[in-house]
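Student: Sharing a structure, written as structure tokens. Questions coming.
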Amino acid sequence: MRRVYAVLAGLMLLSVVAQFYFAAVGAFDKPQEDGSFALHSMVGMIAVPLLSLLATIAAAVARAPGRLIGMTILPLGLVIVQTLIIAVGGLLADSTGNTTPVSLAILGLHAINGLAIMAVAGMAFRGARMLATSPATAPSPAARLS
């Protein structure tokens, strides 16, 4: 199960890297349309949270340390923060839907939070790899008797 956890954590990290790529694709798309960020939205709202959840379950089953399990579920929470940043930034736009200096300041946090997701996913993957390559602990004497 440790290797499954490492693979899922690796896929989670890869999906976060894809997020940055798809964000750049959307930003450079000309003319920019509603669908310019479709891949970015799909990966961010489906792949990253799903892989975070599945990797967390695998980490728990693999009996990873609690801190590592927490690090693995954290990208899911940070994706929720991403959604809140977009929502608050949209609420602070002007009456025509155009950004204001305040909404831009809030929306800029989306990129910073994205970097936090990348860092946490990277640390989770590193921990998962270390766990997968470490020798399994021997069962306790009581466990051997049962």
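By order in the structure tokens, chains are A, B, ...; within a chain, residues start at 1; ligands start at 1, following the order shown.
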Tell me, as an mmCIF file with N, CA and C atoms, in the first residue's frame, which residues lie within 12 Å of Ile85 in chain A, counting only C-alpha atoms; anything in the same chain fewer than 3 positions away does not count.
Tutor:
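Output (out.cif):
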```cif
data_model
loop_
_atom_site.group_PDB
_atom_site.id
_atom_site.type_symbol
_atom_site.label_atom_id
_atom_site.label_comp_id
_atom_site.auth_asym_id
_atom_site.auth_seq_id
_atom_site.Cartn_x
_atom_site.Cartn_y
_atom_site.Cartn_z
ATOM 1 N N LEU A 78 -6.647 23.479 0.432
ATOM 2 C CA LEU A 78 -6.148 24.650 -0.270
ATOM 3 C C LEU A 78 -6.892 24.898 -1.583
ATOM 4 N N VAL A 79 -7.410 23.843 -2.205
ATOM 5 C CA VAL A 79 -8.249 24.021 -3.399
ATOM 6 C C VAL A 79 -9.550 24.725 -3.006
ATOM 7 N N ILE A 80 -10.072 24.406 -1.844
ATOM 8 C CA ILE A 80 -11.266 25.107 -1.352
ATOM 9 C C ILE A 80 -10.939 26.585 -1.147
ATOM 10 N N VAL A 81 -9.759 26.867 -0.607
ATOM 11 C CA VAL A 81 -9.331 28.258 -0.449
ATOM 12 C C VAL A 81 -9.232 28.938 -1.818
ATOM 13 N N GLN A 82 -8.734 28.214 -2.836
ATOM 14 C CA GLN A 82 -8.655 28.771 -4.192
ATOM 15 C C GLN A 82 -10.031 29.239 -4.664
ATOM 16 N N VAL A 88 -14.471 35.686 -3.600
ATOM 17 C CA VAL A 88 -14.323 36.985 -2.944
ATOM 18 C C VAL A 88 -13.827 38.024 -3.950
ATOM 19 N N GLY A 89 -12.883 37.652 -4.796
ATOM 20 C CA GLY A 89 -12.392 38.569 -5.823
ATOM 21 C C GLY A 89 -13.506 39.001 -6.767
ATOM 22 N N GLY A 90 -14.395 38.065 -7.107
ATOM 23 C CA GLY A 90 -15.532 38.398 -7.965
ATOM 24 C C GLY A 90 -16.521 39.324 -7.281
ATOM 25 N N LEU A 91 -16.723 39.121 -5.995
ATOM 26 C CA LEU A 91 -17.642 39.986 -5.245
ATOM 27 C C LEU A 91 -17.134 41.425 -5.149
ATOM 28 N N LEU A 92 -15.822 41.581 -5.215
ATOM 29 C CA LEU A 92 -15.234 42.914 -5.089
ATOM 30 C C LEU A 92 -15.036 43.618 -6.434
ATOM 31 N N SER A 103 -10.135 43.956 -5.876
ATOM 32 C CA SER A 103 -10.403 42.595 -6.350
ATOM 33 C C SER A 103 -9.136 41.982 -6.944
ATOM 34 N N LEU A 104 -8.328 42.781 -7.629
ATOM 35 C CA LEU A 104 -7.062 42.265 -8.168
ATOM 36 C C LEU A 104 -6.112 41.837 -7.057
ATOM 37 N N ALA A 105 -6.080 42.605 -5.979
ATOM 38 C CA ALA A 105 -5.225 42.244 -4.844
ATOM 39 C C ALA A 105 -5.650 40.905 -4.258
ATOM 40 N N ILE A 106 -6.947 40.683 -4.166
ATOM 41 C CA ILE A 106 -7.458 39.406 -3.650
ATOM 42 C C ILE A 106 -7.194 38.290 -4.661
ATOM 43 N N LEU A 107 -7.521 38.533 -5.936
ATOM 44 C CA LEU A 107 -7.343 37.511 -6.967
ATOM 45 C C LEU A 107 -5.880 37.111 -7.141
ATOM 46 N N GLY A 108 -4.955 38.027 -6.876
ATOM 47 C CA GLY A 108 -3.542 37.696 -6.953
ATOM 48 C C GLY A 108 -3.133 36.625 -5.955
ATOM 49 N N LEU A 109 -3.890 36.505 -4.876
ATOM 50 C CA LEU A 109 -3.615 35.461 -3.878
ATOM 51 C C LEU A 109 -3.832 34.064 -4.454
ATOM 52 N N HIS A 110 -4.590 33.980 -5.543
ATOM 53 C CA HIS A 110 -4.842 32.688 -6.199
ATOM 54 C C HIS A 110 -3.513 32.056 -6.637
ATOM 55 N N ALA A 111 -2.624 32.863 -7.198
ATOM 56 C CA ALA A 111 -1.324 32.344 -7.631
ATOM 57 C C ALA A 111 -0.454 31.951 -6.440
ATOM 58 N N ILE A 112 -0.472 32.767 -5.397
ATOM 59 C CA ILE A 112 0.329 32.459 -4.205
ATOM 60 C C ILE A 112 -0.174 31.185 -3.535
ATOM 61 N N ASN A 113 -1.484 31.045 -3.442
ATOM 62 C CA ASN A 113 -2.048 29.823 -2.878
ATOM 63 C C ASN A 113 -1.734 28.620 -3.772
ATOM 64 N N GLY A 114 -1.697 28.837 -5.084
ATOM 65 C CA GLY A 114 -1.301 27.768 -6.002
ATOM 66 C C GLY A 114 0.120 27.302 -5.725
#
```
Student: Do you know which residues are at most 9 Å from Phe37 in chain A counting only C-alpha atoms, after dropping those on the same chain fewer than 2 positions away, and could you put them as a list in words?
Tutor: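 Near Phe37 in chain A, the qualifying residues are Phe22, Ala23, Ala24, Val25, Gly26, Ala27, Asp29, Gln32, Glu33, Asp34, Gly35, Leu39, His40, Ser41 and Met42 of chain A.
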Student: When distances are computed from only C-alpha atoms, which of A:Ile57, A:Met12, A:Ala18, A:Met45 shows the smallest separation from Val120 in chain A?
Tutor: A:Met12
Student: Could you check which of A:Pro65, A:Gly97, A:Pro49, A:Pro75 is closest to Ala128 in chain A, using only C-alpha atoms?
Tutor: A:Pro65
Student: Separation of CA of Leu115 in chain A and CA of Met1 in chain A, in Å?
Tutor: 28.4 Å
Student: Closest to Gly70 in chain A among A:Gly44, A:Pro135, A:Gly10, A:Gly127, using only C-alpha atoms?
Tutor: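 Using only C-alpha atoms, the shortest distance to Gly70 in chain A belongs to A:Gly127.
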Student: Here is a test: counting only C-alpha atoms, which residue of A:Ser36, A:Thr56, A:Gln19, A:Thr100 is nearest to Val7 in chain A?
Tutor: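 Using only C-alpha atoms, Val7 in chain A sits closest to A:Thr56.
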Student: So how far away is CA of Ala9 in chain A from CA of Ser52 in chain A, in Å?
Tutor: 7.4 Å
Student: Could you tell me how far CA of Ser134 in chain A sits from CA of Arg67 in chain A, in Å to one decimal place?
Tutor: 16.8 Å
Student: Which is closer to Val48 in chain A than all the others in A:Phe125, A:Tyr21, A:Thr96, A:Ile73, using only C-alpha atoms?
Tutor: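 Between A:Phe125, A:Tyr21, A:Thr96, A:Ile73, the residue approaching Val48 in chain A most closely is A:Ile73.
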